[in-house]
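Raw upload13.txt, compact mmCIF, C-alpha atoms and all ligand atoms:
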```txt
# COMPACT_ATOMS: atom_id res chain seq x y z
CA MET A 191 -33.35 -105.51 147.73
CA SER A 192 -34.85 -107.19 144.66
CA ASP A 193 -34.03 -105.61 141.30
CA LYS A 194 -37.23 -107.03 139.88
CA VAL A 195 -40.22 -104.97 138.82
CA ASP A 196 -43.63 -106.25 139.90
CA PHE A 197 -46.80 -105.43 138.05
CA ILE A 198 -50.25 -106.88 137.32
CA ILE A 199 -51.60 -108.37 134.08
CA ASP A 200 -55.27 -109.34 134.12
CA GLY A 201 -55.16 -109.66 137.90
CA GLU A 202 -52.06 -111.83 137.89
CA GLU A 203 -48.84 -110.61 139.52
CA VAL A 204 -45.83 -110.70 137.20
CA SER A 205 -42.21 -110.15 138.14
CA ALA A 206 -39.94 -108.81 135.40
CA ASN A 207 -36.49 -107.43 134.76
CA PRO A 208 -36.57 -103.62 134.60
CA ASP A 209 -35.30 -103.55 131.00
CA GLN A 210 -38.03 -105.83 129.65
CA THR A 211 -41.03 -104.82 127.61
CA ILE A 212 -44.51 -105.74 128.79
CA LEU A 213 -44.78 -108.25 125.93
CA ILE A 214 -41.58 -110.10 126.84
CA ALA A 215 -42.29 -110.05 130.56
CA ALA A 216 -45.77 -111.42 129.96
CA GLU A 217 -44.42 -114.09 127.65
CA GLU A 218 -41.92 -115.28 130.24
CA ALA A 219 -44.82 -115.57 132.67
CA GLY A 220 -46.73 -117.73 130.18
CA ILE A 221 -49.16 -114.97 129.23
CA TYR A 222 -49.70 -114.51 125.50
CA ILE A 223 -50.09 -111.01 124.15
CA PRO A 224 -51.05 -111.15 120.45
CA ARG A 225 -48.53 -109.60 118.06
CA LEU A 226 -47.75 -109.41 114.35
CA CYS A 227 -44.77 -107.13 113.84
CA ALA A 228 -42.95 -108.28 116.98
CA MET A 229 -40.83 -111.40 116.70
CA LYS A 230 -38.01 -113.00 118.66
CA ASP A 231 -34.56 -111.75 117.54
CA LEU A 232 -35.99 -108.66 115.81
CA VAL A 233 -35.83 -105.21 117.38
CA PRO A 234 -39.28 -104.03 118.49
CA PHE A 235 -40.92 -101.86 115.89
CA GLY A 236 -44.38 -100.92 117.19
CA ALA A 237 -46.00 -100.95 113.76
CA CYS A 238 -49.08 -103.16 113.82
CA ARG A 239 -50.57 -102.25 117.24
CA VAL A 240 -52.03 -105.75 117.57
CA CYS A 241 -50.20 -106.03 120.90
CA THR A 242 -52.12 -103.07 122.31
CA VAL A 243 -52.86 -103.43 126.01
CA LEU A 244 -54.34 -100.98 128.48
CA VAL A 245 -51.73 -99.73 130.95
CA ASN A 246 -53.45 -98.00 133.84
CA GLY A 247 -56.37 -97.55 131.43
CA ARG A 248 -54.38 -96.10 128.52
CA PRO A 249 -53.64 -97.96 125.25
CA GLN A 250 -49.97 -98.85 124.79
CA ALA A 251 -48.05 -101.15 122.44
CA ALA A 252 -46.84 -103.97 124.71
CA CYS A 253 -43.94 -104.79 122.37
CA THR A 254 -42.29 -101.40 122.90
CA GLN A 255 -43.64 -100.31 126.29
CA PRO A 256 -41.20 -101.04 129.14
CA VAL A 257 -42.46 -102.58 132.35
CA ALA A 258 -42.86 -100.33 135.38
CA SER A 259 -43.47 -101.10 139.00
CA GLY A 260 -47.11 -101.26 140.03
CA ILE A 261 -48.71 -100.79 136.61
CA ILE A 262 -52.04 -102.48 135.96
CA VAL A 263 -52.15 -104.08 132.50
CA GLU A 264 -55.33 -105.26 130.76
CA ASN A 265 -54.63 -107.89 128.12
CA SER A 266 -57.94 -109.70 127.84
CA SER A 267 -60.70 -107.31 128.95
CA ASP A 268 -63.67 -106.79 126.61
CA LYS A 269 -62.38 -103.32 125.81
CA ILE A 270 -58.95 -104.51 124.69
CA LEU A 271 -60.35 -107.44 122.72
CA LYS A 272 -62.63 -105.04 120.86
CA ILE A 273 -59.64 -102.82 119.97
CA ARG A 274 -57.66 -105.84 118.73
CA ARG A 275 -60.55 -107.17 116.65
CA THR A 276 -60.86 -103.80 114.95
CA ILE A 277 -57.11 -103.70 114.20
CA ILE A 278 -57.17 -107.21 112.73
CA GLU A 279 -60.26 -106.40 110.66
CA MET A 280 -58.56 -103.29 109.32
CA LEU A 281 -55.55 -105.35 108.25
CA PHE A 282 -57.81 -107.80 106.43
CA VAL A 283 -59.87 -105.25 104.51
CA GLU A 284 -56.91 -103.02 103.66
CA GLY A 285 -55.25 -105.81 101.63
CA ASN A 286 -56.36 -108.77 99.56
CA HIS A 287 -56.30 -111.73 101.92
CA TYR A 288 -58.02 -114.71 100.33
CA CYS A 289 -57.16 -117.44 102.81
CA MET A 290 -58.72 -120.22 100.74
CA PHE A 291 -56.23 -119.60 97.92
CA CYS A 292 -53.20 -118.72 99.99
CA GLU A 293 -50.32 -121.13 100.48
CA LYS A 294 -49.76 -119.65 103.96
CA SER A 295 -53.21 -120.70 105.21
CA GLY A 296 -52.83 -122.61 108.46
CA ASN A 297 -49.39 -121.11 109.04
CA CYS A 298 -50.57 -117.49 108.72
CA GLU A 299 -50.41 -115.42 111.89
CA LEU A 300 -53.00 -112.90 110.67
CA GLN A 301 -55.49 -115.68 109.90
CA ALA A 302 -54.72 -117.40 113.20
CA LEU A 303 -55.27 -114.20 115.15
CA ALA A 304 -58.61 -113.66 113.43
CA TYR A 305 -59.68 -117.15 114.50
CA ARG A 306 -58.39 -116.62 118.02
CA LEU A 307 -60.35 -113.38 118.29
CA GLY A 308 -63.51 -114.93 116.85
CA ILE A 309 -63.53 -113.02 113.55
CA SER A 310 -65.08 -115.01 110.72
CA ALA A 311 -65.75 -112.10 108.34
CA PRO A 312 -64.85 -108.41 108.79
CA ASP A 313 -67.68 -105.91 109.33
CA LEU A 314 -65.59 -103.16 107.72
CA PRO A 315 -65.83 -102.61 103.94
CA TYR A 316 -63.08 -104.18 101.79
CA LEU A 317 -60.83 -101.75 99.91
CA PHE A 318 -59.71 -104.27 97.24
CA PRO A 319 -56.40 -102.52 96.46
CA ASP A 320 -54.66 -103.25 93.17
CA ARG A 321 -51.11 -104.27 94.12
CA LYS A 322 -48.17 -105.91 92.39
CA VAL A 323 -46.75 -109.40 92.55
CA ASP A 324 -42.99 -109.68 92.03
CA ALA A 325 -42.17 -113.22 90.96
CA THR A 326 -38.96 -112.34 89.12
CA HIS A 327 -36.68 -114.16 91.55
CA PRO A 328 -36.16 -117.86 90.76
CA ASP A 329 -36.76 -118.98 94.37
CA ILE A 330 -38.84 -116.28 96.11
CA LEU A 331 -41.93 -114.21 95.37
CA ILE A 332 -43.50 -111.13 96.91
CA ASP A 333 -47.24 -110.64 96.74
CA HIS A 334 -47.84 -107.08 97.92
CA ASN A 335 -51.58 -107.79 98.11
CA ARG A 336 -50.91 -109.71 101.31
CA CYS A 337 -48.30 -107.41 102.85
CA ILE A 338 -49.35 -105.94 106.21
CA LEU A 339 -46.31 -103.63 106.51
CA CYS A 340 -45.11 -105.31 109.69
CA GLY A 341 -41.50 -104.67 108.69
CA ARG A 342 -40.23 -108.08 109.79
CA CYS A 343 -38.52 -108.63 106.42
CA VAL A 344 -37.01 -105.13 106.54
CA ARG A 345 -35.51 -105.71 110.00
CA ALA A 346 -34.47 -109.32 109.38
CA SER A 347 -32.69 -108.48 106.13
CA ARG A 348 -30.93 -105.52 107.73
CA ASP A 349 -30.12 -106.93 111.18
CA LEU A 350 -29.93 -110.71 110.72
CA ASP A 351 -28.89 -111.14 107.08
CA GLY A 352 -26.83 -107.94 106.82
CA LYS A 353 -28.24 -107.19 103.38
CA ASN A 354 -30.84 -104.39 103.50
CA VAL A 355 -32.84 -105.95 100.67
CA PHE A 356 -36.11 -104.34 101.80
CA GLN A 357 -37.18 -100.83 102.73
CA PHE A 358 -40.38 -98.88 103.30
CA VAL A 359 -41.33 -96.22 100.76
CA GLY A 360 -44.33 -93.87 100.62
CA ARG A 361 -46.80 -92.82 103.29
CA GLY A 362 -50.34 -93.60 104.34
CA LEU A 363 -52.25 -95.76 101.85
CA GLY A 364 -49.29 -95.44 99.45
CA LYS A 365 -46.81 -96.97 101.86
CA GLU A 366 -45.22 -100.21 100.69
CA VAL A 367 -42.21 -102.47 101.06
CA GLN A 368 -39.82 -102.15 98.14
CA VAL A 369 -36.62 -103.95 97.28
CA ASN A 370 -33.30 -102.16 96.90
CA SER A 371 -33.22 -102.66 93.14
CA SER A 372 -35.29 -101.03 90.44
CA ALA A 373 -34.98 -104.32 88.56
CA LYS A 374 -37.08 -106.10 91.19
CA LEU A 375 -36.36 -108.99 93.50
CA ALA A 376 -34.37 -110.97 90.94
CA ALA A 377 -31.67 -108.29 90.86
CA THR A 378 -31.15 -108.19 94.64
CA ASP A 379 -28.75 -110.40 96.56
CA ILE A 380 -31.53 -112.08 98.55
CA ASP A 381 -31.28 -115.84 98.91
CA VAL A 382 -34.06 -118.25 99.78
CA THR A 383 -32.12 -119.27 102.91
CA ASP A 384 -32.10 -115.69 104.24
CA LYS A 385 -33.82 -115.11 107.56
CA ALA A 386 -35.89 -112.36 105.89
CA VAL A 387 -37.72 -114.92 103.75
CA GLY A 388 -38.90 -116.94 106.74
CA VAL A 389 -40.17 -114.17 109.02
CA CYS A 390 -43.21 -112.99 107.03
CA PRO A 391 -46.27 -113.58 109.25
CA VAL A 392 -48.59 -113.74 106.23
CA GLY A 393 -48.29 -114.99 102.66
CA ALA A 394 -46.58 -111.90 101.23
CA LEU A 395 -43.03 -113.23 101.04
CA LEU A 396 -42.90 -116.89 100.08
CA PRO A 397 -40.35 -119.40 98.85
CA LYS A 398 -41.31 -120.95 95.51
CA ARG A 399 -41.90 -124.64 94.74
CA VAL A 400 -42.69 -125.69 98.31
CA GLY A 401 -46.40 -124.88 98.24
CA TYR A 402 -48.54 -127.31 100.20
CA ARG A 403 -45.52 -129.39 101.22
CA ILE A 404 -47.23 -129.42 104.63
CA PRO A 405 -50.81 -130.52 103.90
CA ILE A 406 -53.77 -128.50 105.15
CA GLY A 407 -54.75 -130.02 108.47
CA GLU A 408 -51.16 -130.51 109.58
CA ARG A 409 -50.11 -126.88 109.79
CA LEU A 410 -49.01 -124.83 112.75
CA PHE A 411 -52.39 -123.38 113.73
CA ASP A 412 -54.65 -126.17 112.46
CA HIS A 413 -55.11 -127.75 115.87
CA ASN A 414 -53.98 -125.18 118.43
CA PRO A 415 -54.66 -121.43 118.47
CA ILE A 416 -51.84 -118.95 117.97
CA GLY A 417 -50.26 -118.20 121.34
CA HIS A 418 -50.85 -121.71 122.60
CA GLU A 419 -47.12 -122.40 122.68
CA ILE A 420 -46.58 -119.43 125.01
CA GLU A 421 -49.53 -120.22 127.23
CA THR A 422 -48.18 -123.71 127.66
CA ASN A 423 -44.69 -122.25 128.17
CA ILE A 424 -43.21 -123.93 125.12
CA HIS A 425 -41.14 -121.20 123.49
CA ASN A 426 -41.10 -121.76 119.77
CA SER A 427 -41.22 -118.63 117.65
CA SER A 428 -40.63 -120.22 114.27
CA VAL A 429 -43.33 -121.17 111.82
CA LYS A 430 -43.45 -124.80 110.78
CA GLU A 431 -42.09 -125.24 107.25
FE1 LIG B 501 -46.50 -104.53 119.00
FE2 LIG B 501 -46.89 -104.89 116.38
S1 LIG B 501 -46.58 -106.39 117.90
S2 LIG B 501 -47.01 -103.03 117.53
```

Could you take the file, read its structure, and then write that structure out as structure tokens?
Ligand code: FES
Amino acid sequence: MSDKVDFIIDGEEVSANPDQTILIAAEEAGIYIPRLCAMKDLVPFGACRVCTVLVNGRPQAACTQPVASGIIVENSSDKILKIRRTIIEMLFVEGNHYCMFCEKSGNCELQALAYRLGISAPDLPYLFPDRKVDATHPDILIDHNRCILCGRCVRASRDLDGKNVFQFVGRGLGKEVQVNSSAKLAATDIDVTDKAVGVCPVGALLPKRVGYRIPIGERLFDHNPIGHEIETNIHNSSVKE
């Protein structure tokens, strides 16, 4: 008897291991499910909800939802695309994301998802929050205006770097990523080579003095949409530096 679990995504039959999430099982089948907080080598977190799919008609986060035999998953229906567009728009208007001035443009997963989903300008009103920039560290800066609270840096610092440099504080609109030092980033033991510095999907956590080393037009998403590498079965989860 097979120990595989069979289920359907967008009419396509997928066979998965019973301990896999929908997102991972889909990815191994060459089906891209958009995501922002999920990343290879990081424990699933379920924060951004960009990976929302309909499972037997009910919204679920594909990055945390385990596969189950016989489930019907919608990943590209009009209904699910509308939900995802709204989530992406909310992320844009809740922060200050000025792509034309951002060093991450072209390598930014939020920007790339907006393009993939056909969003050129959000319909929702901008909140224009007033947030801090911490440029105290000689090699790294944090611009909280661009932080989407995905928690990748929190998990990477804790689980991959073994340092716990970052943590979430506050709730609701007051929630933010803080460093484990009241004296700001410069007083932490973070190093520019830490995994935590490279996992930010947007331009919130950036190494200094490498801006525009890759020219606009030659960046990761300049010629192919985000998810292309999965749809063509080329597994490459790292952003071009
Ligand atoms: Fe699943 Fe963020 S990728 S909730």

When you look at stretch 298-304 of chain A with a cut-off of 10 Å (counting all atoms listed in the file), what residues show up, excluding the ones that are within fewer than 2 positions of it in the same chain? I need them as a PyMOL selection string. chain A and resi 224-226+240+274-275+278-279+281-282+287-289+292-296+306-312+338+390-393+409-412+414-417+429

Write to file, as a CSV table (one decimal), in the coordinates of the input, the residues of the selection just made, with C-alpha atoms.
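This went into out-v1.csv:
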```
chain,number,residue,atom,x,y,z
A,224,PRO,CA,-51.0,-111.2,120.4
A,225,ARG,CA,-48.5,-109.6,118.1
A,226,LEU,CA,-47.8,-109.4,114.4
A,240,VAL,CA,-52.0,-105.8,117.6
A,274,ARG,CA,-57.7,-105.8,118.7
A,275,ARG,CA,-60.6,-107.2,116.6
A,278,ILE,CA,-57.2,-107.2,112.7
A,279,GLU,CA,-60.3,-106.4,110.7
A,281,LEU,CA,-55.6,-105.4,108.2
A,282,PHE,CA,-57.8,-107.8,106.4
A,287,HIS,CA,-56.3,-111.7,101.9
A,288,TYR,CA,-58.0,-114.7,100.3
A,289,CYS,CA,-57.2,-117.4,102.8
A,292,CYS,CA,-53.2,-118.7,100.0
A,293,GLU,CA,-50.3,-121.1,100.5
A,294,LYS,CA,-49.8,-119.6,104.0
A,295,SER,CA,-53.2,-120.7,105.2
A,296,GLY,CA,-52.8,-122.6,108.5
A,306,ARG,CA,-58.4,-116.6,118.0
A,307,LEU,CA,-60.4,-113.4,118.3
A,308,GLY,CA,-63.5,-114.9,116.8
A,309,ILE,CA,-63.5,-113.0,113.6
A,310,SER,CA,-65.1,-115.0,110.7
A,311,ALA,CA,-65.8,-112.1,108.3
A,312,PRO,CA,-64.8,-108.4,108.8
A,338,ILE,CA,-49.4,-105.9,106.2
A,390,CYS,CA,-43.2,-113.0,107.0
A,391,PRO,CA,-46.3,-113.6,109.2
A,392,VAL,CA,-48.6,-113.7,106.2
A,393,GLY,CA,-48.3,-115.0,102.7
A,409,ARG,CA,-50.1,-126.9,109.8
A,410,LEU,CA,-49.0,-124.8,112.8
A,411,PHE,CA,-52.4,-123.4,113.7
A,412,ASP,CA,-54.6,-126.2,112.5
A,414,ASN,CA,-54.0,-125.2,118.4
A,415,PRO,CA,-54.7,-121.4,118.5
A,416,ILE,CA,-51.8,-119.0,118.0
A,417,GLY,CA,-50.3,-118.2,121.3
A,429,VAL,CA,-43.3,-121.2,111.8
```

Work out how far atom CA of A:Val387 is from atom CA of A:Leu331, in Å to one decimal. 9.4 Å

Would you tabulate, counting only C-alpha atoms and all ligand atoms, all residues of chain A that have an atom at most 10 Å from an atom of ligand LIG 501 (chain B), showing the closest pair of atoms and their distance in Å to one decimal, sorted by chain then ascending number, as JSON lines?
```
{"residue": "A:Leu213", "atom": "CA", "partner": "B:LIG501", "partner_atom": "FE1", "distance": 8.1}
{"residue": "A:Ile223", "atom": "CA", "partner": "B:LIG501", "partner_atom": "S1", "distance": 8.5}
{"residue": "A:Pro224", "atom": "CA", "partner": "B:LIG501", "partner_atom": "S1", "distance": 7.0}
{"residue": "A:Arg225", "atom": "CA", "partner": "B:LIG501", "partner_atom": "S1", "distance": 3.8}
{"residue": "A:Leu226", "atom": "CA", "partner": "B:LIG501", "partner_atom": "S1", "distance": 4.8}
{"residue": "A:Cys227", "atom": "CA", "partner": "B:LIG501", "partner_atom": "FE2", "distance": 4.0}
{"residue": "A:Ala228", "atom": "CA", "partner": "B:LIG501", "partner_atom": "S1", "distance": 4.2}
{"residue": "A:Met229", "atom": "CA", "partner": "B:LIG501", "partner_atom": "S1", "distance": 7.7}
{"residue": "A:Pro234", "atom": "CA", "partner": "B:LIG501", "partner_atom": "FE1", "distance": 7.3}
{"residue": "A:Phe235", "atom": "CA", "partner": "B:LIG501", "partner_atom": "S2", "distance": 6.4}
{"residue": "A:Gly236", "atom": "CA", "partner": "B:LIG501", "partner_atom": "S2", "distance": 3.4}
{"residue": "A:Ala237", "atom": "CA", "partner": "B:LIG501", "partner_atom": "S2", "distance": 4.4}
{"residue": "A:Cys238", "atom": "CA", "partner": "B:LIG501", "partner_atom": "FE2", "distance": 3.8}
{"residue": "A:Arg239", "atom": "CA", "partner": "B:LIG501", "partner_atom": "S2", "distance": 3.7}
{"residue": "A:Val240", "atom": "CA", "partner": "B:LIG501", "partner_atom": "FE2", "distance": 5.3}
{"residue": "A:Cys241", "atom": "CA", "partner": "B:LIG501", "partner_atom": "FE1", "distance": 4.4}
{"residue": "A:Thr242", "atom": "CA", "partner": "B:LIG501", "partner_atom": "FE1", "distance": 6.7}
{"residue": "A:Val243", "atom": "CA", "partner": "B:LIG501", "partner_atom": "FE1", "distance": 9.5}
{"residue": "A:Gln250", "atom": "CA", "partner": "B:LIG501", "partner_atom": "FE1", "distance": 8.8}
{"residue": "A:Ala251", "atom": "CA", "partner": "B:LIG501", "partner_atom": "FE1", "distance": 5.1}
{"residue": "A:Ala252", "atom": "CA", "partner": "B:LIG501", "partner_atom": "FE1", "distance": 5.7}
{"residue": "A:Cys253", "atom": "CA", "partner": "B:LIG501", "partner_atom": "FE1", "distance": 4.2}
{"residue": "A:Thr254", "atom": "CA", "partner": "B:LIG501", "partner_atom": "FE1", "distance": 6.5}
{"residue": "A:Gln255", "atom": "CA", "partner": "B:LIG501", "partner_atom": "FE1", "distance": 8.9}
{"residue": "A:Leu339", "atom": "CA", "partner": "B:LIG501", "partner_atom": "FE2", "distance": 10.0}
{"residue": "A:Cys340", "atom": "CA", "partner": "B:LIG501", "partner_atom": "FE2", "distance": 6.9}
{"residue": "A:Gly341", "atom": "CA", "partner": "B:LIG501", "partner_atom": "FE2", "distance": 9.4}
{"residue": "A:Arg342", "atom": "CA", "partner": "B:LIG501", "partner_atom": "FE2", "distance": 9.9}
```

Contacts of stretch 316-328 of chain A within 12 Å, only C-alpha atoms, excl. fewer than 6 positions in-chain, as a ChimeraX atom specification: /A:279-288,334-337,363-369,371-382,393-399

Gap from atom CA of A:Thr422 to atom CA of A:Tyr222 - Å, one decimal: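 Answer for the atom CA of A:Thr422 to atom CA of A:Tyr222 separation: 9.6 Å.
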
Could you tell me how far atom CA of A:Asp231 sits from atom CA of A:Asp329, in Å to one decimal place?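 Atom CA of A:Asp231 lies 24.4 Å from atom CA of A:Asp329.
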
Would you fill the gaps in stretch 260-274 of chain A so it has N, CA, C and O atoms, then print it as a PDB file, in the frame of the given file?
```
ATOM      1  N   GLY A 260     -45.765-101.594 139.590  1.00  0.00           N
ATOM      2  CA  GLY A 260     -47.110-101.260 140.030  1.00  0.00           C
ATOM      3  C   GLY A 260     -48.118-100.987 138.932  1.00  0.00           C
ATOM      4  O   GLY A 260     -49.285-100.693 139.226  1.00  0.00           O
ATOM      5  N   ILE A 261     -47.728-101.066 137.670  1.00  0.00           N
ATOM      6  CA  ILE A 261     -48.710-100.790 136.610  1.00  0.00           C
ATOM      7  C   ILE A 261     -49.761-101.909 136.556  1.00  0.00           C
ATOM      8  O   ILE A 261     -49.481-103.059 136.889  1.00  0.00           O
ATOM      9  N   ILE A 262     -50.945-101.527 136.135  1.00  0.00           N
ATOM     10  CA  ILE A 262     -52.040-102.480 135.960  1.00  0.00           C
ATOM     11  C   ILE A 262     -52.273-102.631 134.463  1.00  0.00           C
ATOM     12  O   ILE A 262     -52.610-101.657 133.778  1.00  0.00           O
ATOM     13  N   VAL A 263     -52.055-103.835 133.941  1.00  0.00           N
ATOM     14  CA  VAL A 263     -52.150-104.080 132.500  1.00  0.00           C
ATOM     15  C   VAL A 263     -53.381-104.926 132.201  1.00  0.00           C
ATOM     16  O   VAL A 263     -53.602-105.959 132.835  1.00  0.00           O
ATOM     17  N   GLU A 264     -54.183-104.462 131.247  1.00  0.00           N
ATOM     18  CA  GLU A 264     -55.330-105.260 130.760  1.00  0.00           C
ATOM     19  C   GLU A 264     -54.953-105.865 129.422  1.00  0.00           C
ATOM     20  O   GLU A 264     -54.667-105.136 128.475  1.00  0.00           O
ATOM     21  N   ASN A 265     -54.984-107.185 129.365  1.00  0.00           N
ATOM     22  CA  ASN A 265     -54.630-107.890 128.120  1.00  0.00           C
ATOM     23  C   ASN A 265     -55.802-108.672 127.564  1.00  0.00           C
ATOM     24  O   ASN A 265     -55.759-109.093 126.418  1.00  0.00           O
ATOM     25  N   SER A 266     -56.836-108.874 128.358  1.00  0.00           N
ATOM     26  CA  SER A 266     -57.940-109.700 127.840  1.00  0.00           C
ATOM     27  C   SER A 266     -59.312-109.169 128.267  1.00  0.00           C
ATOM     28  O   SER A 266     -60.277-109.920 128.286  1.00  0.00           O
ATOM     29  N   SER A 267     -59.388-107.878 128.616  1.00  0.00           N
ATOM     30  CA  SER A 267     -60.700-107.310 128.950  1.00  0.00           C
ATOM     31  C   SER A 267     -61.514-107.143 127.659  1.00  0.00           C
ATOM     32  O   SER A 267     -60.962-107.137 126.544  1.00  0.00           O
ATOM     33  N   ASP A 268     -62.820-106.982 127.789  1.00  0.00           N
ATOM     34  CA  ASP A 268     -63.670-106.790 126.610  1.00  0.00           C
ATOM     35  C   ASP A 268     -63.223-105.591 125.798  1.00  0.00           C
ATOM     36  O   ASP A 268     -63.230-105.609 124.559  1.00  0.00           O
ATOM     37  N   LYS A 269     -62.784-104.545 126.495  1.00  0.00           N
ATOM     38  CA  LYS A 269     -62.380-103.320 125.810  1.00  0.00           C
ATOM     39  C   LYS A 269     -61.147-103.567 124.932  1.00  0.00           C
ATOM     40  O   LYS A 269     -61.101-103.149 123.774  1.00  0.00           O
ATOM     41  N   ILE A 270     -60.182-104.292 125.461  1.00  0.00           N
ATOM     42  CA  ILE A 270     -58.950-104.510 124.690  1.00  0.00           C
ATOM     43  C   ILE A 270     -59.201-105.503 123.557  1.00  0.00           C
ATOM     44  O   ILE A 270     -58.655-105.379 122.466  1.00  0.00           O
ATOM     45  N   LEU A 271     -60.052-106.486 123.793  1.00  0.00           N
ATOM     46  CA  LEU A 271     -60.350-107.440 122.720  1.00  0.00           C
ATOM     47  C   LEU A 271     -61.070-106.749 121.565  1.00  0.00           C
ATOM     48  O   LEU A 271     -60.853-107.068 120.396  1.00  0.00           O
ATOM     49  N   LYS A 272     -61.921-105.791 121.910  1.00  0.00           N
ATOM     50  CA  LYS A 272     -62.630-105.040 120.860  1.00  0.00           C
ATOM     51  C   LYS A 272     -61.629-104.226 120.025  1.00  0.00           C
ATOM     52  O   LYS A 272     -61.709-104.179 118.791  1.00  0.00           O
ATOM     53  N   ILE A 273     -60.670-103.598 120.687  1.00  0.00           N
ATOM     54  CA  ILE A 273     -59.640-102.820 119.970  1.00  0.00           C
ATOM     55  C   ILE A 273     -58.862-103.758 119.037  1.00  0.00           C
ATOM     56  O   ILE A 273     -58.634-103.448 117.867  1.00  0.00           O
ATOM     57  N   ARG A 274     -58.464-104.911 119.547  1.00  0.00           N
ATOM     58  CA  ARG A 274     -57.660-105.840 118.730  1.00  0.00           C
ATOM     59  C   ARG A 274     -58.456-106.372 117.539  1.00  0.00           C
ATOM     60  O   ARG A 274     -57.915-106.510 116.441  1.00  0.00           O
TER      61      ARG A 274
END
```
